[in-house]
Amino acid sequence: MELTAGHVWLMVAAALVLFMTPGLAFFYGGMTRAKAALNMMMMSFISIGMVGVVWVLWGASMSSGEGFMQMVGNPFATFGLEGIDTPDGLIKVGYAATFAIITVALISGAIADRAKFGAWSVFVPVWVTLVYCPLAYMVWGGGLFGPEGAIGQALGPAIDFAGGTVVHINAGVAALILVLIIGNRKGFGKDPNHRPHNIPFVMLGAAILWFGWFGFNGGAATTAEQGGLIWVNTLAAPAAAMLGWLITERIRDGHPTSLGAASGVVAGLVAITPACANVSPVGALALGLIAGAASALAVGLKFRWGFDDSLDVVGVHLVSGIIGTVALGFIALPTDGVGGGLFYGGGLTQMWAQLAAAGIAIAYSAVMTSIIALAIHKTMGFRVSQEQEVVGVDLSLHAETAYEFGVGGHGGSFTPLHELITGKTQAVAVPAAETVDAASNGKTTAAAGKESVEA
């Protein structure tokens, strides 16, 4: 079979979605402290490696095909992608893999600055296998929520075109569970150094996410009309959400912020994800405006309720994911003049289907993530030591830093930090051209080290 325009578009869309995960790394990396930026970015990159392997071996098989109790596919049916011989089979597998990758990467932002990289590297493949794949099967693989599924038959099929339940509600719930199990950062709500260290990185990351999201939402379009609707909605909702977030900031805090603009864009993208092919452009604008304002208000709840969702995964992805999923019960367009949401004369039928999908996704993700996270936390431990957290997880876990804070480029800051971590003295060669005496050099080094620790 020849390569068609549809095949080419799906491969391009898959590449766009894969590009979103490095974009997420910049988005999250800029929001952390300087001494945790690389670790935060690595949590996204290791997700690509881990999920890429899992998806080829058993993940793709678990998310499609014949299932067990309409909840999960057989992991051995196409193990290693054996037997996938349709003309576009492997292209669809690659596209689906990118969704699994970014879903688990989204979770990492909630536990910034304090999670063991080894524990995260265990969590990723286990969570994708036991949480993501079953939910993907239930919604998209012919499971519970599909037209032939038990819930789909009873309430009607739930609408989730690109991942409101499977991706965003799922990741948001998992993030909340990890935060509750691992605990808050030292100084949460009190230490001003928990501010984002690089807002330009945050805005760059948001721009990459928005760019990639056109593939995220549009890759599965089946007609030109549907593709055009998805494209416009993926532009409209984030634009309105950004305005909604900034207006909320202006009223609440007296000033709009760059961080708010970037976060508002992401909130709108999250909200339109399940609805992108099923609402009008005006509906997308309304949905984005509501999601942007609601998420702007929701991110402050972590301080009131005392849970350290470091980079607002819960406030943005869970809240806007629920809004986008449930809103379809009101504003879903009729299909061929039939059905639709409440505002289009469809009654409450679609609403019940959307509420059931959101509720079951929340419950399933919460229970399964709790089991996985507690098992890891009680065995190998999920959290770094207090000393490693104070020093910074970049240096303590990866032996590298994103920035050079040493004097004159000689890396003086590394000496006291190395000693703090290992208990061993590390000799530092001073160039012959240096004319600083030992006492002053030691004092300068210690000060630089203190600057690095507090960054």
# chains A, B, ... in the order shown; residues from 1 in each chain; ligands from 1
>>> residues_around(residues="Ser310 in chain A", least_positions_apart="6", cutoff="9 Å", atoms="only C-alpha atoms", output="MDAnalysis selection string")
chainID A and resid 31:32 109:113 179 184:185 188 194 302
>>> write_last_selection(atoms="N, CA and C atoms", output="compact mmCIF listing (two decimals), in the first residue's frame")
# COMPACT_ATOMS: atom_id res chain seq x y z
N MET A 31 10.19 26.40 35.95
CA MET A 31 9.36 26.68 37.13
C MET A 31 10.01 26.23 38.44
N THR A 32 11.05 25.39 38.36
CA THR A 32 11.70 24.93 39.58
C THR A 32 12.79 25.92 40.01
N GLY A 109 5.79 17.10 37.60
CA GLY A 109 5.84 18.47 38.10
C GLY A 109 5.32 18.64 39.51
N ALA A 110 4.48 17.73 39.96
CA ALA A 110 3.92 17.85 41.31
C ALA A 110 4.93 17.53 42.40
N ILE A 111 5.97 16.78 42.06
CA ILE A 111 6.93 16.32 43.08
C ILE A 111 8.32 16.87 42.82
N ALA A 112 8.39 18.05 42.23
CA ALA A 112 9.67 18.68 41.91
C ALA A 112 10.50 18.89 43.17
N ASP A 113 11.80 18.81 43.02
CA ASP A 113 12.80 19.15 44.05
C ASP A 113 13.04 18.07 45.10
N VAL A 179 1.94 13.53 45.79
CA VAL A 179 2.22 14.62 46.72
C VAL A 179 1.83 14.23 48.14
N ASN A 184 5.50 17.39 51.57
CA ASN A 184 5.83 18.72 51.06
C ASN A 184 7.32 18.98 51.07
N ARG A 185 7.74 19.93 50.23
CA ARG A 185 9.12 20.37 50.25
C ARG A 185 9.43 21.11 51.55
N PHE A 188 7.90 24.73 52.31
CA PHE A 188 6.75 24.97 51.43
C PHE A 188 5.84 26.05 52.01
N HIS A 194 11.39 29.22 46.55
CA HIS A 194 10.65 28.24 45.76
C HIS A 194 10.04 28.86 44.49
N LYS A 302 -3.61 24.91 47.01
CA LYS A 302 -2.57 24.07 47.62
C LYS A 302 -2.01 24.72 48.89
>>> select_by_dssp(residues="range 39-276 of chain A", states="strand (DSSP E or B)", output="number ranges by chain")
A: 67-68, 72-73, 115
>>> residues_around(residues="Ala284 in chain A", least_positions_apart="2", cutoff="7 Å", atoms="only C-alpha atoms", output="count of residues only")
11
>>> closest_residue(among="A:Arg114, A:Pro200, A:Val166, A:Leu243", to="Ser385 in chain A", atoms="only C-alpha atoms")
A:Arg114
>>> select_by_dssp(residues="range 1-226 of chain A", states="helix (DSSP H, G or I)", output="PyMOL selection string")
chain A and resi 5-31+34-62+79-81+89-111+117-140+150-155+164-182+192-194+199-218+224-226
>>> closest_residue(among="A:Pro134, A:Gly218, A:Pro125, A:Gly118", to="Val384 in chain A", atoms="only C-alpha atoms")
A:Gly118
>>> residues_around(residues="Ala175 in chain A", least_positions_apart="2", cutoff="10 Å", atoms="only C-alpha atoms", output="VMD selection string")
chain A and resid 104 106 to 111 169 to 173 177 to 180 309 to 310 312 to 314 317 to 318 365 to 366 369
>>> write_last_selection(atoms="N, CA and C atoms", output="tab-separated table (two decimals), in the first residue's frame")
chain	number	residue	atom	x	y	z
A	104	VAL	N	2.59	10.47	31.64
A	104	VAL	CA	3.34	10.19	32.86
A	104	VAL	C	4.33	11.32	33.16
A	106	LEU	N	3.80	14.44	32.75
A	106	LEU	CA	3.04	15.52	33.39
A	106	LEU	C	3.04	15.38	34.91
A	107	ILE	N	2.98	14.16	35.39
A	107	ILE	CA	2.88	13.91	36.84
A	107	ILE	C	4.08	14.47	37.58
A	108	SER	N	5.24	14.44	36.94
A	108	SER	CA	6.49	14.76	37.64
A	108	SER	C	6.51	16.16	38.21
A	109	GLY	N	5.79	17.10	37.60
A	109	GLY	CA	5.84	18.47	38.10
A	109	GLY	C	5.32	18.64	39.51
A	110	ALA	N	4.48	17.73	39.96
A	110	ALA	CA	3.92	17.85	41.31
A	110	ALA	C	4.93	17.53	42.40
A	111	ILE	N	5.97	16.78	42.06
A	111	ILE	CA	6.93	16.32	43.08
A	111	ILE	C	8.32	16.87	42.82
A	169	ILE	N	-7.00	14.12	33.49
A	169	ILE	CA	-7.56	13.73	34.79
A	169	ILE	C	-6.70	12.65	35.41
A	170	ASN	N	-6.29	11.70	34.62
A	170	ASN	CA	-5.45	10.60	35.09
A	170	ASN	C	-4.15	11.13	35.70
A	171	ALA	N	-3.45	11.99	34.96
A	171	ALA	CA	-2.18	12.53	35.46
A	171	ALA	C	-2.40	13.43	36.67
A	172	GLY	N	-3.46	14.24	36.67
A	172	GLY	CA	-3.73	15.14	37.79
A	172	GLY	C	-4.00	14.39	39.08
A	173	VAL	N	-4.79	13.33	39.00
A	173	VAL	CA	-5.07	12.52	40.19
A	173	VAL	C	-3.80	11.84	40.69
A	177	ILE	N	-1.93	12.17	44.42
A	177	ILE	CA	-1.62	11.02	45.27
A	177	ILE	C	-0.14	11.00	45.63
A	178	LEU	N	0.74	11.25	44.65
A	178	LEU	CA	2.18	11.26	44.94
A	178	LEU	C	2.54	12.35	45.94
A	179	VAL	N	1.94	13.53	45.79
A	179	VAL	CA	2.22	14.62	46.72
A	179	VAL	C	1.83	14.23	48.14
A	180	LEU	N	0.67	13.61	48.29
A	180	LEU	CA	0.20	13.23	49.63
A	180	LEU	C	1.09	12.15	50.24
A	309	ASP	N	1.74	20.75	45.66
A	309	ASP	CA	1.71	20.46	44.22
A	309	ASP	C	2.65	21.46	43.56
A	310	SER	N	3.93	21.12	43.51
A	310	SER	CA	4.99	22.09	43.23
A	310	SER	C	4.73	22.94	42.00
A	312	ASP	N	1.88	22.92	40.01
A	312	ASP	CA	0.45	23.11	39.72
A	312	ASP	C	-0.14	22.10	38.74
A	313	VAL	N	0.27	20.85	38.85
A	313	VAL	CA	-0.29	19.80	38.01
A	313	VAL	C	-1.76	19.58	38.36
A	314	VAL	N	-2.06	19.57	39.64
A	314	VAL	CA	-3.44	19.35	40.08
A	314	VAL	C	-4.32	20.53	39.68
A	317	HIS	N	-4.06	20.57	35.37
A	317	HIS	CA	-4.45	19.39	34.58
A	317	HIS	C	-5.68	18.69	35.13
A	318	LEU	N	-5.76	18.53	36.43
A	318	LEU	CA	-6.95	17.87	36.99
A	318	LEU	C	-8.17	18.77	36.87
A	365	SER	N	-7.52	5.83	38.89
A	365	SER	CA	-6.17	6.38	38.99
A	365	SER	C	-5.74	6.56	40.44
A	366	ALA	N	-6.65	7.01	41.29
A	366	ALA	CA	-6.31	7.23	42.70
A	366	ALA	C	-5.93	5.92	43.39
A	369	THR	N	-2.63	4.30	41.63
A	369	THR	CA	-1.44	5.10	41.90
A	369	THR	C	-1.03	4.98	43.36
>>> closest_residue(among="A:Val391, A:Leu24, A:Leu229, A:Val326", to="Phe201 in chain A", atoms="only C-alpha atoms")
A:Leu24
>>> residues_around(residues="range 350-352 of chain A", least_positions_apart="2", cutoff="8 Å", atoms="only C-alpha atoms", output="ChimeraX atom specification")
/A:155-158,326,328-330,339-342,346-348,354-356
>>> atom_distance(atom1="CA of Phe382 in chain A", atom2="CA of Lys116 in chain A")
5.5 Å
